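> The following file, upload25.cif, comprises mmCIF, N, CA and C atoms and all ligand atoms:
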data_model
#
loop_
_atom_site.label_atom_id
_atom_site.label_comp_id
_atom_site.auth_asym_id
_atom_site.auth_seq_id
_atom_site.Cartn_x
_atom_site.Cartn_y
_atom_site.Cartn_z
N MET A 1 80.94 91.63 151.51
CA MET A 1 82.26 91.05 151.23
C MET A 1 82.39 89.71 151.95
N ASP A 2 82.95 88.76 151.27
CA ASP A 2 83.05 87.42 151.81
C ASP A 2 84.43 87.23 152.45
N CYS A 3 84.55 87.71 153.69
CA CYS A 3 85.86 87.64 154.36
C CYS A 3 85.72 86.82 155.64
N LEU A 4 86.51 85.77 155.72
CA LEU A 4 86.47 84.85 156.86
C LEU A 4 86.68 85.57 158.19
N PHE A 5 87.70 86.43 158.25
CA PHE A 5 88.02 87.06 159.54
C PHE A 5 87.01 88.15 159.90
N CYS A 6 86.37 88.79 158.90
CA CYS A 6 85.24 89.69 159.21
C CYS A 6 84.11 88.90 159.84
N LYS A 7 83.86 87.70 159.33
CA LYS A 7 82.78 86.85 159.89
C LYS A 7 83.13 86.44 161.32
N ILE A 8 84.39 86.14 161.56
CA ILE A 8 84.82 85.82 162.93
C ILE A 8 84.65 87.04 163.83
N ALA A 9 85.05 88.22 163.33
CA ALA A 9 84.94 89.46 164.12
C ALA A 9 83.49 89.76 164.46
N LYS A 10 82.57 89.43 163.53
CA LYS A 10 81.13 89.68 163.77
C LYS A 10 80.44 88.50 164.46
N LYS A 11 81.23 87.48 164.78
CA LYS A 11 80.73 86.27 165.45
C LYS A 11 79.70 85.51 164.60
N GLU A 12 79.81 85.65 163.30
CA GLU A 12 78.98 84.84 162.40
C GLU A 12 79.58 83.45 162.26
N ILE A 13 80.90 83.36 162.55
CA ILE A 13 81.59 82.07 162.59
C ILE A 13 82.23 81.97 163.96
N ASP A 14 82.14 80.79 164.56
CA ASP A 14 82.72 80.58 165.89
C ASP A 14 84.23 80.61 165.83
N SER A 15 84.82 81.20 166.85
CA SER A 15 86.28 81.09 166.99
C SER A 15 86.55 80.94 168.47
N ASN A 16 87.72 80.43 168.74
CA ASN A 16 88.12 80.26 170.13
C ASN A 16 88.79 81.56 170.58
N THR A 17 87.99 82.50 171.04
CA THR A 17 88.48 83.85 171.33
C THR A 17 89.19 83.89 172.68
N VAL A 18 90.37 84.49 172.71
CA VAL A 18 91.09 84.61 173.99
C VAL A 18 91.09 86.05 174.50
N LEU A 19 90.84 87.02 173.63
CA LEU A 19 90.79 88.42 174.06
C LEU A 19 89.96 89.19 173.06
N GLU A 20 89.11 90.08 173.57
CA GLU A 20 88.31 90.91 172.67
C GLU A 20 88.17 92.30 173.26
N THR A 21 88.36 93.31 172.41
CA THR A 21 88.06 94.70 172.78
C THR A 21 87.09 95.22 171.72
N GLU A 22 86.75 96.49 171.81
CA GLU A 22 85.82 97.06 170.83
C GLU A 22 86.37 96.93 169.39
N ASP A 23 87.68 97.03 169.26
CA ASP A 23 88.29 97.09 167.92
C ASP A 23 89.14 95.90 167.54
N VAL A 24 89.42 95.03 168.51
CA VAL A 24 90.43 93.98 168.29
C VAL A 24 89.90 92.63 168.75
N MET A 25 90.27 91.58 168.02
CA MET A 25 90.01 90.22 168.48
C MET A 25 91.26 89.39 168.40
N VAL A 26 91.44 88.53 169.39
CA VAL A 26 92.54 87.56 169.36
C VAL A 26 91.92 86.19 169.59
N PHE A 27 92.23 85.27 168.68
CA PHE A 27 91.61 83.94 168.76
C PHE A 27 92.63 82.87 168.35
N LYS A 28 92.30 81.62 168.68
CA LYS A 28 93.23 80.53 168.38
C LYS A 28 93.21 80.19 166.89
N ASP A 29 94.40 79.97 166.34
CA ASP A 29 94.49 79.52 164.95
C ASP A 29 93.94 78.10 164.85
N ILE A 30 93.18 77.84 163.79
CA ILE A 30 92.53 76.55 163.61
C ILE A 30 93.54 75.44 163.28
N ASP A 31 94.71 75.83 162.81
CA ASP A 31 95.73 74.85 162.39
C ASP A 31 97.08 75.26 163.01
N PRO A 32 97.21 75.05 164.32
CA PRO A 32 98.35 75.63 165.05
C PRO A 32 99.71 75.10 164.60
N LYS A 33 100.65 76.04 164.51
CA LYS A 33 102.03 75.71 164.12
C LYS A 33 102.98 75.78 165.32
N ALA A 34 102.42 75.92 166.50
CA ALA A 34 103.20 75.97 167.74
C ALA A 34 102.22 75.67 168.87
N PRO A 35 102.71 75.26 170.05
CA PRO A 35 101.80 74.98 171.17
C PRO A 35 100.87 76.16 171.47
N VAL A 36 101.39 77.38 171.34
CA VAL A 36 100.52 78.56 171.37
C VAL A 36 100.55 79.17 169.97
N HIS A 37 99.38 79.27 169.33
CA HIS A 37 99.30 79.90 168.01
C HIS A 37 97.97 80.66 167.95
N LEU A 38 98.08 81.97 168.09
CA LEU A 38 96.90 82.84 168.11
C LEU A 38 96.96 83.79 166.93
N LEU A 39 95.82 84.37 166.60
CA LEU A 39 95.75 85.39 165.55
C LEU A 39 95.13 86.64 166.15
N ALA A 40 95.81 87.77 165.98
CA ALA A 40 95.29 89.06 166.44
C ALA A 40 94.85 89.86 165.23
N ILE A 41 93.59 90.32 165.24
CA ILE A 41 93.07 91.07 164.08
C ILE A 41 92.38 92.36 164.53
N PRO A 42 92.42 93.37 163.64
CA PRO A 42 91.50 94.48 163.83
C PRO A 42 90.12 94.02 163.37
N LYS A 43 89.05 94.44 164.04
CA LYS A 43 87.71 94.08 163.55
C LYS A 43 87.42 94.77 162.21
N GLN A 44 88.02 95.93 162.04
CA GLN A 44 87.88 96.64 160.76
C GLN A 44 88.62 95.88 159.67
N HIS A 45 87.98 95.73 158.52
CA HIS A 45 88.63 95.02 157.42
C HIS A 45 89.65 95.89 156.71
N ILE A 46 90.89 95.48 156.77
CA ILE A 46 91.88 95.95 155.79
C ILE A 46 92.63 94.71 155.33
N LYS A 47 93.15 94.79 154.12
CA LYS A 47 93.70 93.59 153.48
C LYS A 47 95.00 93.13 154.13
N SER A 48 95.87 94.07 154.41
CA SER A 48 97.19 93.69 154.91
C SER A 48 97.89 94.96 155.41
N VAL A 49 99.14 94.79 155.80
CA VAL A 49 99.99 95.93 156.18
C VAL A 49 99.99 97.01 155.09
N MET A 50 99.79 96.58 153.84
CA MET A 50 99.85 97.53 152.73
C MET A 50 98.70 98.53 152.73
N GLU A 51 97.67 98.27 153.57
CA GLU A 51 96.54 99.21 153.66
C GLU A 51 96.44 99.83 155.05
N VAL A 52 97.53 99.82 155.78
CA VAL A 52 97.47 100.18 157.20
C VAL A 52 97.03 101.64 157.40
N GLU A 53 97.23 102.46 156.39
CA GLU A 53 96.82 103.87 156.53
C GLU A 53 95.30 104.01 156.62
N LYS A 54 94.55 102.97 156.23
CA LYS A 54 93.08 103.02 156.30
C LYS A 54 92.55 102.67 157.70
N LEU A 55 93.43 102.14 158.53
CA LEU A 55 93.00 101.67 159.86
C LEU A 55 92.72 102.86 160.78
N ALA A 56 91.63 102.77 161.53
CA ALA A 56 91.28 103.87 162.44
C ALA A 56 92.40 104.11 163.45
N GLY A 57 92.54 105.35 163.85
CA GLY A 57 93.61 105.76 164.77
C GLY A 57 93.60 104.95 166.06
N GLY A 58 94.76 104.51 166.48
CA GLY A 58 94.90 103.82 167.76
C GLY A 58 94.71 102.32 167.71
N VAL A 59 94.17 101.80 166.59
CA VAL A 59 93.85 100.36 166.56
C VAL A 59 95.12 99.50 166.51
N LEU A 60 96.10 99.98 165.75
CA LEU A 60 97.34 99.21 165.66
C LEU A 60 98.01 99.12 167.03
N GLU A 61 97.97 100.23 167.74
CA GLU A 61 98.54 100.26 169.09
C GLU A 61 97.78 99.28 170.00
N GLU A 62 96.47 99.27 169.85
CA GLU A 62 95.64 98.39 170.66
C GLU A 62 95.95 96.92 170.36
N ILE A 63 96.20 96.62 169.10
CA ILE A 63 96.57 95.25 168.73
C ILE A 63 97.85 94.85 169.45
N PHE A 64 98.84 95.72 169.41
CA PHE A 64 100.13 95.36 170.02
C PHE A 64 100.06 95.36 171.54
N GLU A 65 99.22 96.21 172.11
CA GLU A 65 99.01 96.14 173.56
C GLU A 65 98.33 94.82 173.92
N SER A 66 97.41 94.37 173.08
CA SER A 66 96.74 93.07 173.32
C SER A 66 97.75 91.94 173.25
N ILE A 67 98.64 92.02 172.26
CA ILE A 67 99.66 90.98 172.11
C ILE A 67 100.56 90.95 173.35
N ALA A 68 100.97 92.12 173.82
CA ALA A 68 101.85 92.17 175.00
C ALA A 68 101.13 91.63 176.24
N LYS A 69 99.86 91.94 176.37
CA LYS A 69 99.09 91.44 177.52
C LYS A 69 98.99 89.91 177.48
N ILE A 70 98.70 89.39 176.31
CA ILE A 70 98.59 87.93 176.16
C ILE A 70 99.94 87.26 176.45
N ALA A 71 101.01 87.85 175.92
CA ALA A 71 102.35 87.29 176.15
C ALA A 71 102.64 87.24 177.64
N GLN A 72 102.23 88.29 178.34
CA GLN A 72 102.41 88.33 179.80
C GLN A 72 101.55 87.25 180.46
N ASP A 73 100.27 87.24 180.13
CA ASP A 73 99.33 86.32 180.79
C ASP A 73 99.67 84.86 180.50
N MET A 74 100.17 84.57 179.31
CA MET A 74 100.44 83.18 178.93
C MET A 74 101.91 82.81 179.13
N ASP A 75 102.65 83.74 179.75
CA ASP A 75 104.05 83.47 180.09
C ASP A 75 104.90 83.18 178.85
N LEU A 76 104.73 84.02 177.84
CA LEU A 76 105.48 83.85 176.60
C LEU A 76 106.68 84.77 176.49
N ALA A 77 106.78 85.72 177.41
CA ALA A 77 107.66 86.87 177.20
C ALA A 77 109.12 86.49 176.96
N ASP A 78 109.50 85.28 177.34
CA ASP A 78 110.90 84.87 177.18
C ASP A 78 111.24 84.49 175.74
N GLY A 79 110.26 84.35 174.86
CA GLY A 79 110.58 84.00 173.48
C GLY A 79 109.32 83.64 172.71
N PHE A 80 108.79 84.63 172.04
CA PHE A 80 107.63 84.35 171.18
C PHE A 80 107.79 85.14 169.90
N ARG A 81 106.98 84.82 168.92
CA ARG A 81 107.14 85.47 167.62
C ARG A 81 105.81 86.05 167.15
N VAL A 82 105.88 87.25 166.58
CA VAL A 82 104.72 87.91 165.98
C VAL A 82 105.02 88.01 164.48
N VAL A 83 104.12 87.45 163.68
CA VAL A 83 104.37 87.36 162.23
C VAL A 83 103.15 87.88 161.48
N THR A 84 103.39 88.68 160.47
CA THR A 84 102.29 89.03 159.56
C THR A 84 102.72 88.77 158.12
N ASN A 85 102.27 87.64 157.60
CA ASN A 85 102.57 87.31 156.21
C ASN A 85 101.84 88.30 155.31
N THR A 86 102.56 88.86 154.36
CA THR A 86 101.97 89.92 153.52
C THR A 86 102.15 89.56 152.05
N GLY A 87 101.03 89.25 151.40
CA GLY A 87 101.07 88.87 149.98
C GLY A 87 101.26 87.36 149.82
N ARG A 88 100.82 86.87 148.66
CA ARG A 88 100.89 85.43 148.39
C ARG A 88 102.33 84.91 148.47
N GLY A 89 103.29 85.72 148.04
CA GLY A 89 104.68 85.29 148.04
C GLY A 89 105.21 84.98 149.43
N ALA A 90 104.58 85.58 150.46
CA ALA A 90 104.99 85.32 151.84
C ALA A 90 104.03 84.36 152.53
N GLY A 91 103.05 83.85 151.78
CA GLY A 91 102.15 82.85 152.35
C GLY A 91 100.87 83.40 152.95
N GLN A 92 100.53 84.67 152.66
CA GLN A 92 99.26 85.19 153.18
C GLN A 92 98.10 84.48 152.47
N SER A 93 97.24 83.83 153.26
CA SER A 93 96.12 83.10 152.67
C SER A 93 94.77 83.72 153.01
N VAL A 94 94.72 84.57 154.03
CA VAL A 94 93.48 85.28 154.38
C VAL A 94 93.75 86.77 154.24
N ASP A 95 92.97 87.42 153.36
CA ASP A 95 93.23 88.83 153.05
C ASP A 95 92.51 89.78 154.01
N HIS A 96 92.77 89.58 155.28
CA HIS A 96 92.31 90.49 156.35
C HIS A 96 93.50 90.57 157.30
N LEU A 97 94.01 91.77 157.53
CA LEU A 97 95.23 91.91 158.34
C LEU A 97 95.17 91.06 159.60
N HIS A 98 96.22 90.28 159.82
CA HIS A 98 96.28 89.48 161.05
C HIS A 98 97.73 89.27 161.44
N PHE A 99 97.91 89.19 162.75
CA PHE A 99 99.24 88.96 163.31
C PHE A 99 99.22 87.60 164.00
N HIS A 100 100.07 86.70 163.52
CA HIS A 100 100.24 85.41 164.19
C HIS A 100 101.04 85.66 165.47
N ILE A 101 100.61 85.05 166.55
CA ILE A 101 101.37 85.05 167.81
C ILE A 101 101.73 83.59 168.07
N LEU A 102 103.03 83.30 168.02
CA LEU A 102 103.49 81.92 168.16
C LEU A 102 104.37 81.81 169.39
N GLY A 103 104.13 80.78 170.18
CA GLY A 103 104.93 80.64 171.39
C GLY A 103 105.03 79.22 171.88
N LYS A 104 105.90 79.03 172.89
CA LYS A 104 106.09 77.75 173.58
C LYS A 104 106.79 76.70 172.72
N ARG A 105 107.64 77.18 171.82
CA ARG A 105 108.57 76.26 171.14
C ARG A 105 109.80 77.05 170.73
N LYS A 106 110.83 76.33 170.25
CA LYS A 106 112.04 76.99 169.75
C LYS A 106 111.76 77.58 168.37
N PHE A 107 112.42 78.71 168.07
CA PHE A 107 112.25 79.34 166.76
C PHE A 107 113.60 79.48 166.08
N ALA A 108 113.60 79.18 164.78
CA ALA A 108 114.82 79.32 164.00
C ALA A 108 114.89 80.73 163.41
N TRP A 109 116.11 81.18 163.12
CA TRP A 109 116.31 82.44 162.41
C TRP A 109 117.39 82.26 161.37
N PRO A 110 117.23 82.67 160.12
CA PRO A 110 116.05 83.34 159.61
C PRO A 110 114.87 82.39 159.44
N PRO A 111 113.63 82.93 159.45
CA PRO A 111 112.47 82.07 159.25
C PRO A 111 112.44 81.53 157.82
N GLY A 112 111.73 80.43 157.63
CA GLY A 112 111.69 79.81 156.29
C GLY A 112 110.79 80.56 155.34
P1 LIG B 1 98.04 83.38 156.68
O1 LIG B 1 98.24 82.09 155.92
O2 LIG B 1 97.14 84.32 155.90
O3 LIG B 1 99.28 84.04 157.16
O4 LIG B 1 97.25 82.99 158.00
C1 LIG B 1 95.93 82.60 158.00
C2 LIG B 1 95.73 81.71 159.20
O5 LIG B 1 94.33 81.56 159.41
C3 LIG B 1 96.31 80.30 159.03
O6 LIG B 1 97.28 80.06 160.04
C4 LIG B 1 95.08 79.39 159.18
O7 LIG B 1 95.36 78.21 159.90
C5 LIG B 1 94.09 80.28 159.92
N1 LIG B 1 92.70 79.98 159.65
C6 LIG B 1 92.14 79.70 158.43
N2 LIG B 1 90.82 79.51 158.57
C7 LIG B 1 90.53 79.65 159.90
C8 LIG B 1 89.31 79.56 160.65
O8 LIG B 1 88.22 79.31 160.13
N3 LIG B 1 89.40 79.78 162.00
C9 LIG B 1 90.59 80.05 162.60
N4 LIG B 1 90.58 80.23 163.93
N5 LIG B 1 91.75 80.15 161.91
C10 LIG B 1 91.72 79.96 160.58
ZN ZN B 2 87.79 91.08 156.64
#
Please lay out the structure from this file as structure tokens.

Amino acid sequence: MDCLFCKIAKKEIDSNTVLETEDVMVFKDIDPKAPVHLLAIPKQHIKSVMEVEKLAGGVLEEIFESIAKIAQDMDLADGFRVVTNTGRGAGQSVDHLHFHILGKRKFAWPPG
């Protein structure tokens, strides 16, 4: 399967990794939309939230624990955003589940 984030997870493509566990990777977005813009992914390929039942037990929890640890370490806890665009209508461009972690700027609500 030709999936960009699977290649990043297997280190076939370089990424600026900030955290890695057996099941999870967090790396810098190549086109940042905030001073801090990271992507958290399961190494296991699933397309989006819509396939979350296929994800191995505990991985989703591990992703969110990784996000919380990064927010703590990077001093984001006062205001950061976790986003998962799902489907083309919401702007999903890579079909491998990923959570954007955005921080260090002001955020509007509702999002655009
Ligand atoms: P989406 O548009 O699916 O919500 O998010 C995909 C994200 O992947 C985008 O923010 C885009 O900048 C990022 N991206 C696309 N290609 C690469 C790449 O090769 N390396 C990294 N680190 N990020 C990428
Ligand atoms: Zn993939």
> Please extract the residues of segment 11-79 of chain A with a backbone DSSP assignment of strand (DSSP E) and present them as a PyMOL selection string.
chain A and resi 17-20+24-28+36-42
> Calculate, to one decimal in Å, the centre and edge lengths of the box along x, y and z of the file that holds all listed atoms of segment 19-38 of chain A with 6 Å of margin on each side, and present them as lines of an AutoDock Vina configuration file.

center_x = 94.5
center_y = 86.0
center_z = 168.2
size_x = 29.4
size_y = 34.2
size_z = 23.7
> Taking 6 positions as the minimum chain separation for residues in the same chain, which residues sit within 10 Å of Asp75 of chain A when counting only C-alpha atoms? Answer as a list in words.
Lys69, Gly103 and Lys104 of chain A
> Please identify the residues whose atoms come within 5 Å of ligand ZN 2 (chain B), using only N, CA and C atoms and all ligand atoms, and report them as a PyMOL selection string.
chain A and resi 3+5-6+45+96
> Smallest atom-to-atom distance to Ala40 of chain A: which of A:Thr86, A:Asn16, A:Thr21, A:Ser66, using only C-alpha atoms?
A:Ser66
> Using atom C8 of ligand LIG 1 (chain B) and atom CA of Gly79 of chain A as the two end points, give the distance in Å to one decimal.
25.2 Å
> Using all atoms listed in the file, what are the residues with an atom within 7 Å of ligand LIG 1 (chain B), set out as a PyMOL selection string?
chain A and resi 4+14-16+27-33+83-86+90-96+98+100
> According to DSSP computed on the backbone, where in segment 30-81 of chain A is there alpha helix (DSSP H)? Give the residues as a list in words.
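In segment 30-81 of chain A, DSSP puts these residues in alpha helix (DSSP H): Val59, Leu60, Glu61, Glu62, Ile63, Phe64, Glu65, Ser66, Ile67, Ala68, Lys69, Ile70, Ala71, Gln72 and Asp73 of chain A.
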> Have a look at atom CA of Asp23 of chain A and atom CA of Gln44 of chain A and let me know their distance in Å, one decimal.
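Going from atom CA of Asp23 of chain A over to atom CA of Gln44 of chain A covers 7.2 Å.
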> Please compute the atom CA of Leu76 of chain A-atom CA of Glu22 of chain A distance, one decimal, in Å.
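So the two atoms, atom CA of Leu76 of chain A and atom CA of Glu22 of chain A, lie 24.4 Å apart.
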> Could I see segment 63-74 of chain A restored to all heavy atoms, set down as a compact mmCIF listing (two decimals), keeping the file's coordinate frame?

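Final file, rebuild.txt:
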# COMPACT_ATOMS: atom_id res chain seq x y z
N ILE A 63 96.20 96.62 169.10
CA ILE A 63 96.57 95.25 168.73
C ILE A 63 97.85 94.85 169.45
O ILE A 63 97.93 93.78 170.07
CB ILE A 63 96.75 95.12 167.19
CG1 ILE A 63 95.40 95.21 166.49
CG2 ILE A 63 97.45 93.81 166.84
CD1 ILE A 63 95.48 95.30 164.97
N PHE A 64 98.84 95.72 169.41
CA PHE A 64 100.13 95.36 170.02
C PHE A 64 100.06 95.36 171.54
O PHE A 64 100.73 94.56 172.20
CB PHE A 64 101.25 96.24 169.46
CG PHE A 64 101.74 95.71 168.14
CD1 PHE A 64 101.17 96.12 166.96
CD2 PHE A 64 102.73 94.74 168.08
CE1 PHE A 64 101.58 95.60 165.73
CE2 PHE A 64 103.14 94.20 166.88
CZ PHE A 64 102.57 94.64 165.69
N GLU A 65 99.22 96.21 172.11
CA GLU A 65 99.01 96.14 173.56
C GLU A 65 98.33 94.82 173.92
O GLU A 65 98.67 94.21 174.95
CB GLU A 65 98.16 97.33 174.02
CG GLU A 65 98.96 98.63 174.06
CD GLU A 65 98.08 99.88 174.23
OE1 GLU A 65 96.85 99.75 174.29
OE2 GLU A 65 98.67 100.97 174.29
N SER A 66 97.41 94.37 173.08
CA SER A 66 96.74 93.07 173.32
C SER A 66 97.75 91.94 173.25
O SER A 66 97.73 91.01 174.07
CB SER A 66 95.64 92.84 172.29
OG SER A 66 94.68 93.86 172.34
N ILE A 67 98.64 92.02 172.26
CA ILE A 67 99.66 90.98 172.11
C ILE A 67 100.56 90.95 173.35
O ILE A 67 100.85 89.87 173.90
CB ILE A 67 100.49 91.22 170.82
CG1 ILE A 67 99.62 90.97 169.59
CG2 ILE A 67 101.74 90.34 170.80
CD1 ILE A 67 100.25 91.37 168.26
N ALA A 68 100.97 92.12 173.82
CA ALA A 68 101.85 92.17 175.00
C ALA A 68 101.13 91.63 176.24
O ALA A 68 101.72 90.90 177.05
CB ALA A 68 102.31 93.60 175.24
N LYS A 69 99.86 91.94 176.37
CA LYS A 69 99.09 91.44 177.52
C LYS A 69 98.99 89.91 177.48
O LYS A 69 99.19 89.24 178.50
CB LYS A 69 97.69 92.07 177.52
CG LYS A 69 96.84 91.62 178.70
CD LYS A 69 95.48 92.28 178.67
CE LYS A 69 94.54 91.83 179.78
NZ LYS A 69 94.96 90.73 180.63
N ILE A 70 98.70 89.39 176.31
CA ILE A 70 98.59 87.93 176.16
C ILE A 70 99.94 87.26 176.45
O ILE A 70 100.01 86.25 177.13
CB ILE A 70 98.07 87.57 174.76
CG1 ILE A 70 96.58 87.87 174.70
CG2 ILE A 70 98.35 86.12 174.42
CD1 ILE A 70 96.01 87.88 173.31
N ALA A 71 101.01 87.85 175.92
CA ALA A 71 102.35 87.29 176.15
C ALA A 71 102.64 87.24 177.64
O ALA A 71 103.20 86.26 178.15
CB ALA A 71 103.40 88.12 175.42
N GLN A 72 102.23 88.29 178.34
CA GLN A 72 102.41 88.33 179.80
C GLN A 72 101.55 87.25 180.46
O GLN A 72 102.05 86.43 181.25
CB GLN A 72 101.99 89.73 180.30
CG GLN A 72 102.34 90.01 181.73
CD GLN A 72 103.84 90.16 181.91
OE1 GLN A 72 104.49 90.85 181.15
NE2 GLN A 72 104.38 89.47 182.89
N ASP A 73 100.27 87.24 180.13
CA ASP A 73 99.33 86.32 180.79
C ASP A 73 99.67 84.86 180.50
O ASP A 73 99.45 83.99 181.35
CB ASP A 73 97.89 86.59 180.31
CG ASP A 73 97.36 87.93 180.79
OD1 ASP A 73 98.04 88.57 181.63
OD2 ASP A 73 96.29 88.34 180.32
N MET A 74 100.17 84.57 179.31
CA MET A 74 100.44 83.18 178.93
C MET A 74 101.91 82.81 179.13
O MET A 74 102.34 81.74 178.69
CB MET A 74 100.01 82.93 177.48
CG MET A 74 98.52 83.14 177.28
SD MET A 74 97.95 82.79 175.60
CE MET A 74 97.71 81.03 175.69
